[in-house]
>>> print(open('final_36.tsv').read())   # TSV, C-alpha atoms
chain	number	residue	atom	x	y	z
H	1	SER	CA	233.96	131.58	155.82
H	2	GLU	CA	234.25	127.81	155.59
H	3	GLU	CA	232.46	127.93	152.22
H	4	SER	CA	234.86	130.58	150.91
H	5	THR	CA	237.80	128.49	152.04
H	6	THR	CA	236.47	125.48	150.16
H	7	LEU	CA	235.99	127.45	146.96
H	8	GLY	CA	239.24	129.31	147.39
H	9	SER	CA	241.31	126.15	147.06
H	10	GLY	CA	240.31	126.11	143.36
H	11	THR	CA	242.72	123.34	142.48
H	12	THR	CA	240.99	120.46	144.23
H	13	ALA	CA	238.32	118.29	142.64
H	14	ASP	CA	236.12	118.80	145.71
H	15	GLY	CA	236.43	122.56	145.31
H	16	ARG	CA	235.41	122.42	141.65
H	17	ARG	CA	232.44	120.15	142.39
H	18	ARG	CA	231.34	122.46	145.21
H	19	LEU	CA	231.53	125.44	142.88
H	20	LYS	CA	229.32	123.65	140.33
H	21	GLU	CA	226.85	122.77	143.08
H	22	LEU	CA	226.59	126.34	144.34
H	23	THR	CA	226.28	127.68	140.79
H	24	LEU	CA	223.27	125.46	140.22
H	25	ILE	CA	221.64	126.08	143.59
H	26	ASN	CA	221.96	129.86	143.17
H	27	MET	CA	220.76	129.83	139.56
H	28	PRO	CA	217.96	132.42	139.26
H	29	LYS	CA	214.44	131.11	138.83
H	30	PRO	CA	211.45	132.77	137.16
H	31	GLU	CA	209.19	134.79	139.47
H	32	ASP	CA	206.38	132.48	138.46
H	33	ASP	CA	207.77	128.95	138.33
H	34	SER	CA	204.63	127.36	136.88
H	35	VAL	CA	206.56	126.08	133.87
H	36	VAL	CA	209.08	124.20	135.98
H	37	THR	CA	207.45	123.00	139.17
H	38	GLU	CA	210.24	122.13	141.56
H	39	GLU	CA	210.21	122.38	145.36
H	40	PRO	CA	213.43	123.66	146.99
H	41	SER	CA	213.68	120.44	148.96
H	42	THR	CA	213.98	118.43	145.73
H	43	ALA	CA	216.60	120.62	144.05
H	44	ILE	CA	219.13	118.47	142.24
H	45	SER	CA	222.77	119.58	142.20
H	46	TYR	CA	225.61	118.54	139.96
H	47	THR	CA	227.07	116.36	142.71
H	48	THR	CA	223.86	114.29	142.77
H	49	TRP	CA	224.85	112.78	139.43
H	50	GLN	CA	228.58	112.51	140.06
H	51	THR	CA	230.80	109.81	141.45
H	52	PRO	CA	233.43	110.70	144.08
H	53	SER	CA	235.96	111.14	141.26
H	54	GLY	CA	233.75	113.78	139.60
H	55	ASP	CA	232.57	111.61	136.70
H	56	VAL	CA	228.92	111.43	135.70
H	57	ASP	CA	227.08	108.41	137.12
H	58	ASP	CA	225.14	107.00	134.15
H	59	ASN	CA	222.98	104.88	136.44
H	60	LEU	CA	221.65	107.99	138.18
H	61	LEU	CA	221.21	109.81	134.88
H	62	THR	CA	218.54	107.33	133.81
H	63	ARG	CA	216.23	108.12	136.74
H	64	GLU	CA	212.62	108.90	135.90
H	65	ALA	CA	210.12	111.33	137.48
H	66	MET	CA	212.38	114.38	137.17
H	67	THR	CA	211.19	117.94	136.72
H	68	PRO	CA	211.93	119.62	133.36
H	69	ARG	CA	214.78	121.57	134.97
H	70	GLN	CA	216.37	118.40	136.33
H	71	LYS	CA	215.97	116.60	133.01
H	72	TYR	CA	217.55	119.53	131.20
H	73	LEU	CA	220.54	119.51	133.55
H	74	ARG	CA	220.85	115.75	133.12
H	75	GLU	CA	221.12	116.20	129.35
H	76	ILE	CA	223.69	118.99	129.81
H	77	LEU	CA	225.77	116.71	132.01
H	78	ARG	CA	225.65	113.95	129.40
H	79	LYS	CA	227.13	116.38	126.89
H	80	LYS	CA	229.64	117.86	129.38
H	81	ALA	CA	228.44	121.39	128.61
H	82	LEU	CA	227.92	124.48	130.78
H	83	PRO	CA	224.34	124.77	132.16
H	84	TYR	CA	222.94	127.86	130.45
H	85	PRO	CA	219.69	128.67	132.37
H	86	VAL	CA	217.34	128.51	129.38
H	87	LEU	CA	214.27	127.62	131.43
H	88	CYS	CA	214.57	130.94	133.27
H	89	ARG	CA	214.32	133.03	130.10
H	90	ARG	CA	210.61	133.72	130.26
H	91	ARG	CA	209.16	137.15	129.58
H	92	LYS	CA	207.40	138.85	132.49
H	93	ASP	CA	204.77	140.37	130.22
H	94	LYS	CA	204.12	137.01	128.54
H	95	PRO	CA	204.70	134.09	130.95
H	96	GLY	CA	204.06	131.58	128.18
H	97	THR	CA	206.98	132.89	126.12
H	98	LEU	CA	210.41	131.26	126.34
H	99	ASP	CA	212.67	133.89	124.81
H	100	LEU	CA	216.26	133.01	123.85
H	101	THR	CA	216.49	135.61	121.08
H	102	GLY	CA	220.11	136.51	120.37
H	103	ALA	CA	221.49	134.32	123.17
H	104	GLY	CA	223.74	132.41	120.77
H	105	VAL	CA	223.55	129.27	122.92
H	106	GLY	CA	224.30	126.85	120.07
H	107	ASP	CA	223.27	123.31	119.24
H	108	VAL	CA	224.13	121.52	122.50
H	109	ILE	CA	221.90	123.72	124.68
H	110	VAL	CA	218.91	123.66	122.31
H	111	GLU	CA	219.27	119.92	121.73
H	112	SER	CA	219.05	119.47	125.50
H	113	LEU	CA	216.07	121.85	125.67
H	114	ALA	CA	214.28	119.74	123.06
H	115	GLN	CA	214.37	116.78	125.46
H	116	VAL	CA	212.20	118.59	128.02
H	117	LEU	CA	209.77	120.57	125.86
H	118	ASP	CA	207.01	118.04	126.43
H	119	GLY	CA	207.07	118.95	130.14
H	120	LEU	CA	206.72	122.72	129.62
H	121	HIS	CA	202.94	122.67	129.33
H	122	ASP	CA	202.28	126.40	129.51
H	123	VAL	CA	204.93	127.52	127.01
H	124	ASP	CA	203.09	128.54	123.85
H	125	THR	CA	205.82	130.70	122.25
H	126	LEU	CA	209.41	129.64	121.56
H	127	LEU	CA	211.78	132.36	120.32
H	128	LEU	CA	215.12	130.93	119.17
H	129	ALA	CA	216.32	133.56	116.71
H	130	ASP	CA	220.09	133.98	116.29
H	131	ASN	CA	221.27	131.01	118.32
H	132	ARG	CA	223.71	129.47	115.81
H	133	LEU	CA	221.44	126.48	115.26
H	134	THR	CA	222.12	123.74	112.71
H	135	ASP	CA	220.54	120.40	111.85
H	136	LEU	CA	222.22	118.88	114.94
H	137	SER	CA	219.72	120.62	117.22
H	138	LEU	CA	216.98	121.49	114.74
H	139	GLU	CA	216.07	117.87	113.99
H	140	PRO	CA	215.36	116.86	117.64
H	141	LEU	CA	213.78	120.27	118.27
H	142	LEU	CA	211.34	119.99	115.37
H	143	GLU	CA	210.59	116.38	116.26
H	144	ALA	CA	209.66	117.49	119.79
H	145	ILE	CA	207.64	120.46	118.56
H	146	ALA	CA	205.56	118.21	116.33
H	147	SER	CA	204.06	116.58	119.43
H	148	LEU	CA	203.26	119.83	121.29
H	149	PRO	CA	199.63	120.92	120.76
H	150	HIS	CA	200.14	123.94	123.05
H	151	LEU	CA	203.02	125.55	121.08
H	152	THR	CA	201.57	128.12	118.69
H	153	SER	CA	204.47	130.48	117.88
H	154	LEU	CA	208.01	129.63	116.72
H	155	ASP	CA	210.93	131.84	115.65
H	156	LEU	CA	213.91	130.11	114.01
H	157	SER	CA	215.44	133.19	112.38
H	158	GLY	CA	219.13	132.86	111.60
H	159	ALA	CA	219.10	129.05	111.79
H	160	LYS	CA	221.13	127.01	109.30
H	161	MET	CA	218.43	124.58	108.21
H	162	ASP	CA	219.29	121.88	105.68
H	163	ALA	CA	218.12	118.27	106.15
H	164	SER	CA	215.98	119.29	109.12
H	165	SER	CA	213.73	121.33	106.81
H	166	ALA	CA	212.04	118.04	105.86
H	167	LYS	CA	210.79	117.62	109.44
H	168	LEU	CA	209.41	121.15	109.46
H	169	ARG	CA	207.64	120.64	106.12
H	170	GLU	CA	206.17	117.36	107.38
H	171	TYR	CA	204.88	119.09	110.51
H	172	LEU	CA	203.39	122.03	108.60
H	173	ALA	CA	201.53	119.63	106.32
H	174	SER	CA	200.20	117.59	109.26
H	175	PRO	CA	196.61	118.07	110.53
H	176	SER	CA	198.09	118.17	114.05
H	177	CYS	CA	200.12	121.32	113.33
H	178	ALA	CA	199.27	123.90	116.03
H	179	LEU	CA	201.51	126.77	114.91
H	180	THR	CA	199.78	130.05	114.17
H	181	SER	CA	203.00	132.06	113.72
H	182	LEU	CA	206.27	130.98	112.10
H	183	VAL	CA	209.29	133.27	111.64
H	184	MET	CA	212.23	132.13	109.52
H	185	SER	CA	214.08	135.32	108.65
H	186	ARG	CA	217.72	135.07	107.55
H	187	ALA	CA	217.47	131.29	107.34
H	188	ASP	CA	219.05	130.88	103.86
H	189	VAL	CA	215.73	129.84	102.32
H	190	ASP	CA	216.14	129.91	98.52
H	191	ASP	CA	213.53	129.60	95.74
H	192	TRP	CA	213.59	125.80	95.71
H	193	GLU	CA	213.28	125.50	99.49
H	194	CYS	CA	210.54	128.13	99.49
H	195	ALA	CA	208.60	126.13	96.89
H	196	ASP	CA	208.86	123.01	99.08
H	197	PHE	CA	207.64	124.92	102.16
H	198	MET	CA	204.72	126.45	100.25
H	199	ALA	CA	203.67	122.99	99.05
H	200	SER	CA	203.46	121.85	102.68
H	201	LEU	CA	201.31	124.88	103.53
H	202	GLN	CA	198.72	124.28	100.83
H	203	SER	CA	196.41	122.46	103.25
H	204	ASN	CA	197.64	123.93	106.55
H	205	ALA	CA	194.70	125.23	108.59
H	206	SER	CA	196.46	126.70	111.64
H	207	LEU	CA	199.17	129.11	110.40
H	208	THR	CA	198.03	132.73	110.06
H	209	SER	CA	201.40	134.55	110.13
H	210	LEU	CA	204.52	133.65	108.13
H	211	SER	CA	207.76	135.66	107.91
H	212	LEU	CA	210.46	134.75	105.38
H	213	SER	CA	212.20	138.12	105.22
H	214	GLU	CA	215.88	138.53	104.33
H	215	ASN	CA	216.20	135.15	102.66
H	216	LEU	CA	217.39	134.13	99.19
H	217	ILE	CA	213.94	134.02	97.62
H	218	GLY	CA	214.04	135.60	94.16
H	219	ASP	CA	217.63	134.76	93.31
H	220	ALA	CA	216.42	132.21	90.75
H	221	GLU	CA	214.13	134.64	88.90
H	222	ALA	CA	216.67	135.04	86.09
H	223	LEU	CA	216.60	131.30	85.44
H	224	ASN	CA	212.87	131.46	84.85
H	225	SER	CA	213.41	133.02	81.42
H	226	VAL	CA	215.41	130.01	80.20
H	227	GLN	CA	213.66	127.41	82.36
H	228	PRO	CA	209.94	128.30	82.17
H	229	GLU	CA	209.01	125.17	84.10
H	230	LEU	CA	211.02	126.39	87.12
H	231	GLU	CA	208.74	127.50	89.95
H	232	THR	CA	210.31	130.46	91.71
H	233	GLY	CA	209.73	131.32	95.34
H	234	GLY	CA	207.38	134.14	94.41
H	235	GLU	CA	205.28	131.87	92.22
H	236	ALA	CA	205.13	129.25	94.96
H	237	LEU	CA	203.98	131.86	97.47
H	238	ALA	CA	201.24	133.03	95.10
H	239	SER	CA	200.07	129.47	94.53
H	240	MET	CA	199.94	128.81	98.28
H	241	LEU	CA	197.93	131.97	98.96
H	242	ARG	CA	195.36	131.00	96.32
H	243	SER	CA	194.59	127.73	98.10
H	244	ASN	CA	195.32	128.65	101.72
H	245	LYS	CA	192.83	131.18	103.06
H	246	HIS	CA	194.18	131.14	106.61
H	247	VAL	CA	197.49	133.00	106.15
H	248	THR	CA	196.76	136.70	106.71
H	249	TYR	CA	200.27	138.03	107.35
H	250	LEU	CA	203.24	137.41	105.07
>>> encode(input="final_36.tsv", output="C-alpha cells")
Amino acid sequence: SEESTTLGSGTTADGRRRLKELTLINMPKPEDDSVVTEEPSTAISYTTWQTPSGDVDDNLLTREAMTPRQKYLREILRKKALPYPVLCRRRKDKPGTLDLTGAGVGDVIVESLAQVLDGLHDVDTLLLADNRLTDLSLEPLLEAIASLPHLTSLDLSGAKMDASSAKLREYLASPSCALTSLVMSRADVDDWECADFMASLQSNASLTSLSLSENLIGDAEALNSVQPELETGGEALASMLRSNKHVTYL
C-alpha cells in the first residue's frame, strides 16, 4: 500500500514522522473515555507540533484548551521521550483507578503525567508502585496531588523519596488533604523519616489506611539504649495513633 511504502523507506525524515503519527493515532484508548474527553476529529498527532524539519515548534506547544491527553503528549515532546500511554491504564473494574503498578516508566513519564492530573476529574486512585521514581518526578507529582480534592488513594511503593518527602508531609498535615489510603512500601523510610511523617499525621482527619511495610523502620532501635531521647519509628507510630483516631489500618 502507499502507507506501507512510506513507512518502508525508514531512512527518511518524512517516514519517521509518519510512523510517529500513526503510532499516536492507533494508540489504544480506554473503553470508557470519560477521563480524557477527546473527539476523533480533534486528535492531535506528533506532526501537529513539528516543523518541516521534524523539530518541535515551541509556539504550538504553548497552545491552551487542550485535552489531558494532548497536554500529556505536549509535555512528552518537550522532553523528547517516547509516549507511554499512561492515560489508557485504567482498570475496567474500577474506572476511577489509574494503575501503573510495575510499569517502570521512570521520572520523565510521571513528571509529564503530573502536569495533567488536574484535568483527570474522575480519577480517585493513583497506583504508581515500582516505577523507578525519584525526587525529579515526585516533587511535581506531590505538588499536583495537593490540589486534587478528588484523589483519595495513592501508592508510591518503591519510590526513592528524599527531599520530596517534605511536600508529602506538608500535604498530609494540611486540612485540605483528601487521601484516605497511602501506601509507601519499600520506600526506604527509616526511623527518622517515619517520625517526621507521623508528626504530620497527628492532626490528619482523612487518612484511614497507611502501609509502611518493608521499610527501614526499627533499624535505630539499638541506638535508643544509648540515646534515650531518640524517638524511634515505632514510638512515633504509637504517639500518632494515640492522637489520631481516624487511622484504622496500619
>>> closest_residue(input="final_36.tsv", among="H:Asp135, H:Leu128, H:Ser203, H:Lys167", to="Val183 of chain H", atoms="all atoms listed in the file")
H:Leu128
>>> atom_distance(input="final_36.tsv", atom1="atom CA of Leu87 of chain H", atom2="atom CA of Ser206 of chain H")
26.6 Å
>>> residues_around(input="final_36.tsv", residues="Leu117 of chain H", least_positions_apart="2", cutoff="12 Å", atoms="only C-alpha atoms", output="JSON, numbers by chain")
{"H": [35, 36, 67, 68, 69, 71, 72, 86, 87, 98, 110, 111, 112, 113, 114, 115, 119, 120, 121, 122, 123, 124, 125, 126, 140, 141, 142, 143, 144, 145, 146, 147, 148, 149, 150, 151]}
>>> atom_distance(input="final_36.tsv", atom1="atom CA of Pro175 of chain H", atom2="atom CA of Glu231 of chain H")
25.7 Å
>>> atom_distance(input="final_36.tsv", atom1="atom CA of Asn131 of chain H", atom2="atom CA of Val105 of chain H")
5.4 Å
>>> residues_around(input="final_36.tsv", residues="Met198 of chain H", least_positions_apart="5", cutoff="8 Å", atoms="only C-alpha atoms", output="PDB file with C-alpha atoms, keeping the file's coordinate frame")
ATOM      1  CA  ALA H 236     205.130 129.250  94.960  1.00  0.00           C
ATOM      2  CA  LEU H 237     203.980 131.860  97.470  1.00  0.00           C
ATOM      3  CA  SER H 239     200.070 129.470  94.530  1.00  0.00           C
ATOM      4  CA  MET H 240     199.940 128.810  98.280  1.00  0.00           C
TER       5      MET H 240
END
>>> residues_around(input="final_36.tsv", residues="Ser243 of chain H", least_positions_apart="5", cutoff="10 Å", atoms="all atoms listed in the file", output="list in words")
Leu201, Gln202, Ser203, Asn204 and Ala238 of chain H
>>> write_last_selection(input="final_36.tsv", atoms="C-alpha atoms", output="PDB file, in the coordinates of the input")
ATOM      1  CA  LEU H 201     201.310 124.880 103.530  1.00  0.00           C
ATOM      2  CA  GLN H 202     198.720 124.280 100.830  1.00  0.00           C
ATOM      3  CA  SER H 203     196.410 122.460 103.250  1.00  0.00           C
ATOM      4  CA  ASN H 204     197.640 123.930 106.550  1.00  0.00           C
ATOM      5  CA  ALA H 238     201.240 133.030  95.100  1.00  0.00           C
TER       6      ALA H 238
END
>>> residues_around(input="final_36.tsv", residues="segment 162-165 of chain H", least_positions_apart="6", cutoff="10 Å", atoms="only C-alpha atoms", output="ChimeraX atom specification")
/H:134-143,171,187-189,193,196-197
>>> closest_residue(input="final_36.tsv", among="H:Thr101, H:Asp190, H:Asp219, H:Ser181", to="His246 of chain H", atoms="all atoms listed in the file")
H:Ser181
>>> closest_residue(input="final_36.tsv", among="H:Lys245, H:Arg74, H:Arg89, H:Lys160", to="Leu133 of chain H", atoms="only C-alpha atoms")
H:Lys160
>>> closest_residue(input="final_36.tsv", among="H:Ser153, H:Ser200, H:Ser213, H:Ser225", to="Leu179 of chain H", atoms="all atoms listed in the file")
H:Ser153
>>> closest_residue(input="final_36.tsv", among="H:Pro95, H:Gly158, H:Gly218, H:Gly106", to="Thr232 of chain H", atoms="all atoms listed in the file")
H:Gly218
>>> closest_residue(input="final_36.tsv", among="H:Ala178, H:Ala195, H:Leu250, H:Leu127", to="Thr152 of chain H", atoms="all atoms listed in the file")
H:Ala178
